[in-house]
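Each remark here refers to the structure printed beneath this line.
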Amino acid sequence: MPSSNLLGSATLTWDEQGLPESSVFGDVYFSRESGLLETDYVFIQHNDLPRRWQHLTDHGSSCFVIAETGFGTGLNFLVAWQNWLRFAPSNARLHFVSVEKFPLSKQDLQRALALWPDLQEIASELLAQYPCALPGFHRMYFAGGKIALTLLFGDVHDCLPQLDAKVDAWFLDGFAPAKNPEMWQPQLYQQMARLSKPGTTFSTFTSAGIVKRGIAGAGFEVSKVAGFGRKREMLCGKITEAPCGEAQPSSQKTIAIIGAGLAGCSLARAMAERDYHVIVLERHPEAAQEASGNPQGILYLKLPKSPSALSQWHSTGLLYTRNLLQRLLPDNKGDDWDDNGVIQIALKESDAERQRTVAGSGVYPADFVTGCTTDSIRNLSGYPINEGGLLFGQAGWVSPPVLCKALLNHPNITLQCNSQVKDFTYVEGKWQLRLSSDSMLEADILALACAYQTKQFGLPLPLPINEVKGQISTAKQPTHMPALQVSVCKEGYVAPPRKGMYCFGATFERNGKDLQVTQQGHLQNLSKLEQILPELASAMDASQFSGRVAFRCTTQDHLPIAGPYPCQDTGTMNAQPTLPGAEASSLFFNIGHGSKGLITAPLAAELIACQISGEPLPLNATLIQAVTPGRWSRD
């Protein structure tokens with residue numbers, strides 16, 4: 001992961017033409033003659049993209065990857081987006097991966113992109129998903145899921161070594177070498193070569209000799225050609241020999257997923273959008289019947305004093321889920337989900353100290369999390385809460401069953417309910433699944449998204465997962481009380497009322513084994529609600545509550561288990577127990593999300609889908625290793 005968790009922000013000045021200039025580097029973001037034409041000339045034409053995209057499927061590929069240094073105003077991405085829709089096959093996917101050490105604020109980005117009226121429609125889509133300045137990788141989807149933008153917020157020399165991708169074209173942008181020499185270093189060109197494959201191209205606006213020699217020294221063929229406008233020369237070229245071969249997506253196009261909770265539904269959608277035929281096997285009569293069946297869930301995370309792999313997973317996952325909801329359920333906002341914030345109140349003094357550290361550290365941008373006074377909390381919640389806390393401004397709540405239903409709504413997905421899988425074997429390149437009816441089902445790839453039920457298959461792999469029982473309570477909204485406006489968490493949580501009902505909870509019962517809703521559980525949840533909103537709790541009668549019980553699947557390190565069944569002798573793990581005859585790349589896990597599945601399961605599904613399809617991975621290598629299924633078998 002990046003060596004520093006502090007991320008600088010761009011400081012801009014605006015000239016008399018309304019063009020942005022970096023105050024830090026004293027350089028412009030794009031040509032004063034025409035940034036739009038410059039992008040087309042330097043990056044689109046000199047990487048020969050229109051011709052390459054028109055013939056993309058001639059070479060058996062349906063995915064193209066651009067990597068960029070210096071996202072800046074996003075102009076290069078938007079121009080690439082426009083050209084992709086014009087020239088690429090309709091079934092192809094574009095990945096645009098861009099590093100930015102000093103992200104623009106959303107306000108500055110909006111002002112800069114307003115200079116290009118022809119781009120306003122797609123610029124507004126970018127602005128809607130543009131992340132706050134949180135260090136790490138951030139993936140967004142556009143154009144119906146056909147265009148992926150992955151922003152790497154951090155120093156290029158920290159981010160690129162953590163990237164797993166096979167790049168087709170490089171946009172070497174960023175400020176001029178004389179103004180920003182720290183970026184134009186030999187390690188940049190070495191990473192370019194590592195991430196390139198034979199035939200990968202590059203182009204850049206500069207013709208500086210130090211850049212030409214550096215790129216050539218990394219193995220690229222370099223040419224000087226006429227520059228744009230008043231610039232006399234620029235550089236472009238390609239690499240003919242590279243350590244990175246062509247991406248090897250699975251040629252197998254049928255995947256069976258066991259489990260139709262949020263983890264399974266998220267993976268089903270991610271694979272369906274990559275044109276795989278997906279069969280989801282659910283033992284219950286409907287999807288989302290276990291922990292994913294609660295009427296409301298909070299997009300909730302608890303930040304430590306110092307960032308960790310766990311907190312980075314949760315932070316990144318929160319933003320990913322929020323964008324997923326915007327993309328899948330844009331018309332349901334306010335009814336089935338909302339991102340109107342989550343207030344977190346300290347339970348004890350050590351929590352309050354941690355919150356003060358988080359709020360004052362400067363690690364997290366204020367539009368992600370900020371300290372909140374008593375008065376602010378009262379105004380935000382609509383209730384007289386007499387404590388301060390943290391506000392997660394981009395968090396919120398969602399109805400998990402509604403989200404699961406939306407995820408499964410794709411023509412490539414078949415949901416097969418009342419289908420208990422008894423066992424499975426790998427025979428002649430196929431997974432053979434035996435169902436409780438003794439009928440058989442065949443698939444090329446198998447994914448286990450069935451939480452603690454994974455244990456029943458007796459895999460020869462250490463999976464230290466546990467079940468923790470939880471009960472939530474629901475109650476009618478008291479007619480004489482105001483409606484809570486935001487979700488509030490303390491020891492428990494309460495969400496704003498949905499369809500006239502409050503949902504709150506939840507119990508943690510490590511030794512609970514049955515699914516019976518109990519009055520004792522309701523009383524525990526009422527007590528937790530009283531800690532948060534005593535006036536609301538006093539207006540409720542626990543004897544009138546309804547509720548649900550489900551089991552969370554937790555892990556020892558509180559991180560999910562996501563990725564392929566570990567290969568034998570990978571170099572990073574000890575020799576692993578293997579499945580007889582099975583290809584290691586054809587069995588995957590998406591389990592162990594505990595109580596944070598709303599912010600981890602969709603991102604984990606995206607990771608797995610990219611591992612299967614050979615696309616750029618959405619997380620840095622450190623976070624991927626943190627959730628690998630083989631992590632308990634290491635030294």
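Numbering starts fresh at 1 for the residues of each chain in the structure tokens, the chains themselves are lettered A, B, ... in the order given, and ligands are numbered from 1 as they appear.
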Q.
Using only C-alpha atoms, which protein or nucleic acid residues come within 10 Å of Thr507 of chain A? Drop anything in the same chain fewer than 6 positions from it, and give the result as an MDAnalysis selection string.
A. chainID A and resid 468:473 491:492 520:525 528 549
Segment 112-227 of chain A residues near segment 272-296 of chain A within 10 Å, closest pair each, using only C-alpha atoms, as a Markdown table:
| residue | atom | partner | partner_atom | distance |
| --- | --- | --- | --- | --- |
| A:Gly144 | CA | A:Glu273 | CA | 9.2 |
| A:Gly145 | CA | A:Glu273 | CA | 7.1 |
| A:Lys146 | CA | A:Glu273 | CA | 8.3 |
**Q.** Separation of atom CA of Val427 of chain A from atom CA of Pro560 of chain A, in Å and rounded to one decimal
**A.**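 These two atoms are separated by 28.9 Å.
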Q.
Given only C-alpha atoms as the basis, pick out the residue of A:Tyr41, A:Tyr320, A:Gln355, A:Leu299 nearest to Ala226 of chain A.
A. A:Tyr41
Q. So which bits of segment 403-576 of chain A end up strand (DSSP E or B) when you DSSP the backbone, as number ranges by chain?
A. A: 413-416, 421-427, 430-435, 440-443, 445-448, 465-476, 487-489, 493-494, 498, 501-505, 509, 546-555, 561-564
Q. Which residues in segment 382-611 of chain A does DSSP call alpha helix (DSSP H)? List them as a PyMOL selection string.
A. chain A and resi 400-408+519-532+534-538+597-611
Can you write out the residues you just picked, keeping N, CA and C atoms, as a short mmCIF file (atom, residue, chain, number, x, y, z; two decimals), in the first residue's frame?
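Below is the file that was written, result-v8.cif:
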data_model
loop_
_atom_site.label_atom_id
_atom_site.label_comp_id
_atom_site.auth_asym_id
_atom_site.auth_seq_id
_atom_site.Cartn_x
_atom_site.Cartn_y
_atom_site.Cartn_z
N PRO A 400 -31.14 -4.47 1.86
CA PRO A 400 -30.37 -5.52 1.18
C PRO A 400 -31.20 -6.38 0.23
N PRO A 401 -32.44 -6.78 0.56
CA PRO A 401 -33.19 -7.58 -0.42
C PRO A 401 -33.45 -6.84 -1.73
N VAL A 402 -33.69 -5.54 -1.64
CA VAL A 402 -33.91 -4.75 -2.87
C VAL A 402 -32.62 -4.71 -3.69
N LEU A 403 -31.49 -4.52 -3.03
CA LEU A 403 -30.21 -4.51 -3.73
C LEU A 403 -29.94 -5.86 -4.37
N CYS A 404 -30.18 -6.95 -3.64
CA CYS A 404 -29.95 -8.28 -4.21
C CYS A 404 -30.82 -8.51 -5.45
N LYS A 405 -32.06 -8.11 -5.38
CA LYS A 405 -32.96 -8.28 -6.52
C LYS A 405 -32.45 -7.49 -7.72
N ALA A 406 -31.98 -6.27 -7.49
CA ALA A 406 -31.45 -5.45 -8.59
C ALA A 406 -30.19 -6.08 -9.17
N LEU A 407 -29.34 -6.63 -8.33
CA LEU A 407 -28.11 -7.27 -8.81
C LEU A 407 -28.42 -8.47 -9.70
N LEU A 408 -29.45 -9.22 -9.36
CA LEU A 408 -29.80 -10.43 -10.12
C LEU A 408 -30.58 -10.12 -11.40
N GLN A 519 -37.96 -12.31 22.75
CA GLN A 519 -38.26 -11.06 23.43
C GLN A 519 -37.02 -10.51 24.11
N GLN A 520 -36.16 -11.40 24.57
CA GLN A 520 -34.90 -10.96 25.18
C GLN A 520 -34.07 -10.18 24.16
N GLY A 521 -34.03 -10.68 22.92
CA GLY A 521 -33.31 -9.97 21.86
C GLY A 521 -33.91 -8.60 21.59
N HIS A 522 -35.24 -8.52 21.57
CA HIS A 522 -35.90 -7.22 21.37
C HIS A 522 -35.53 -6.25 22.49
N LEU A 523 -35.50 -6.75 23.72
CA LEU A 523 -35.19 -5.87 24.85
C LEU A 523 -33.74 -5.39 24.77
N GLN A 524 -32.84 -6.25 24.33
CA GLN A 524 -31.45 -5.82 24.14
C GLN A 524 -31.37 -4.71 23.09
N ASN A 525 -32.10 -4.88 22.00
CA ASN A 525 -32.07 -3.88 20.94
C ASN A 525 -32.73 -2.57 21.39
N LEU A 526 -33.79 -2.69 22.18
CA LEU A 526 -34.43 -1.48 22.71
C LEU A 526 -33.48 -0.73 23.63
N SER A 527 -32.71 -1.48 24.41
CA SER A 527 -31.72 -0.85 25.30
C SER A 527 -30.66 -0.11 24.49
N LYS A 528 -30.24 -0.70 23.39
CA LYS A 528 -29.25 -0.03 22.53
C LYS A 528 -29.84 1.21 21.87
N LEU A 529 -31.11 1.12 21.49
CA LEU A 529 -31.78 2.29 20.92
C LEU A 529 -31.91 3.40 21.96
N GLU A 530 -32.16 3.02 23.21
CA GLU A 530 -32.30 4.00 24.28
C GLU A 530 -31.00 4.77 24.50
N GLN A 531 -29.86 4.10 24.29
CA GLN A 531 -28.57 4.79 24.41
C GLN A 531 -28.43 5.90 23.37
N ILE A 532 -29.08 5.71 22.22
CA ILE A 532 -28.94 6.66 21.11
C ILE A 532 -30.05 7.71 21.15
N PRO A 534 -33.21 8.21 23.43
CA PRO A 534 -34.08 7.81 24.54
C PRO A 534 -35.55 8.23 24.33
N GLU A 535 -35.77 9.38 23.71
CA GLU A 535 -37.16 9.82 23.49
C GLU A 535 -37.88 8.86 22.55
N LEU A 536 -37.22 8.44 21.49
CA LEU A 536 -37.84 7.50 20.56
C LEU A 536 -38.05 6.15 21.22
N ALA A 537 -37.04 5.68 21.96
CA ALA A 537 -37.16 4.37 22.63
C ALA A 537 -38.32 4.35 23.62
N SER A 538 -38.51 5.46 24.32
CA SER A 538 -39.58 5.50 25.33
C SER A 538 -40.97 5.48 24.72
N GLY A 597 -20.85 -6.68 5.39
CA GLY A 597 -21.00 -7.18 4.02
C GLY A 597 -21.48 -6.14 3.03
N LEU A 598 -22.27 -5.17 3.49
CA LEU A 598 -22.76 -4.14 2.57
C LEU A 598 -21.64 -3.32 1.97
N ILE A 599 -20.51 -3.20 2.68
CA ILE A 599 -19.41 -2.40 2.15
C ILE A 599 -18.21 -3.25 1.73
N THR A 600 -18.29 -4.57 1.89
CA THR A 600 -17.17 -5.41 1.45
C THR A 600 -17.56 -6.40 0.36
N ALA A 601 -18.77 -6.94 0.39
CA ALA A 601 -19.13 -7.99 -0.55
C ALA A 601 -19.14 -7.52 -2.00
N PRO A 602 -19.70 -6.35 -2.33
CA PRO A 602 -19.65 -5.92 -3.73
C PRO A 602 -18.24 -5.68 -4.25
N LEU A 603 -17.38 -5.08 -3.44
CA LEU A 603 -16.00 -4.84 -3.87
C LEU A 603 -15.24 -6.16 -4.01
N ALA A 604 -15.47 -7.09 -3.09
CA ALA A 604 -14.86 -8.41 -3.20
C ALA A 604 -15.31 -9.12 -4.47
N ALA A 605 -16.57 -8.96 -4.83
CA ALA A 605 -17.08 -9.56 -6.06
C ALA A 605 -16.40 -8.96 -7.27
N GLU A 606 -16.18 -7.66 -7.26
CA GLU A 606 -15.47 -7.00 -8.37
C GLU A 606 -14.04 -7.53 -8.49
N LEU A 607 -13.38 -7.72 -7.35
CA LEU A 607 -12.03 -8.28 -7.35
C LEU A 607 -12.03 -9.67 -7.99
N ILE A 608 -12.93 -10.54 -7.57
CA ILE A 608 -12.98 -11.91 -8.09
C ILE A 608 -13.29 -11.91 -9.58
N ALA A 609 -14.24 -11.09 -10.00
CA ALA A 609 -14.60 -11.03 -11.42
C ALA A 609 -13.41 -10.63 -12.27
N CYS A 610 -12.60 -9.70 -11.77
CA CYS A 610 -11.40 -9.28 -12.51
C CYS A 610 -10.33 -10.37 -12.50
N GLN A 611 -10.21 -11.09 -11.41
CA GLN A 611 -9.26 -12.21 -11.38
C GLN A 611 -9.64 -13.28 -12.40
#
Q | Shortest interatomic distance to Lys212 of chain A - which of A:Leu415, A:Ile591, A:Leu172, A:Leu325, counting only C-alpha atoms | A |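 Answer, going by the shortest atom-to-atom distance: A:Leu172.
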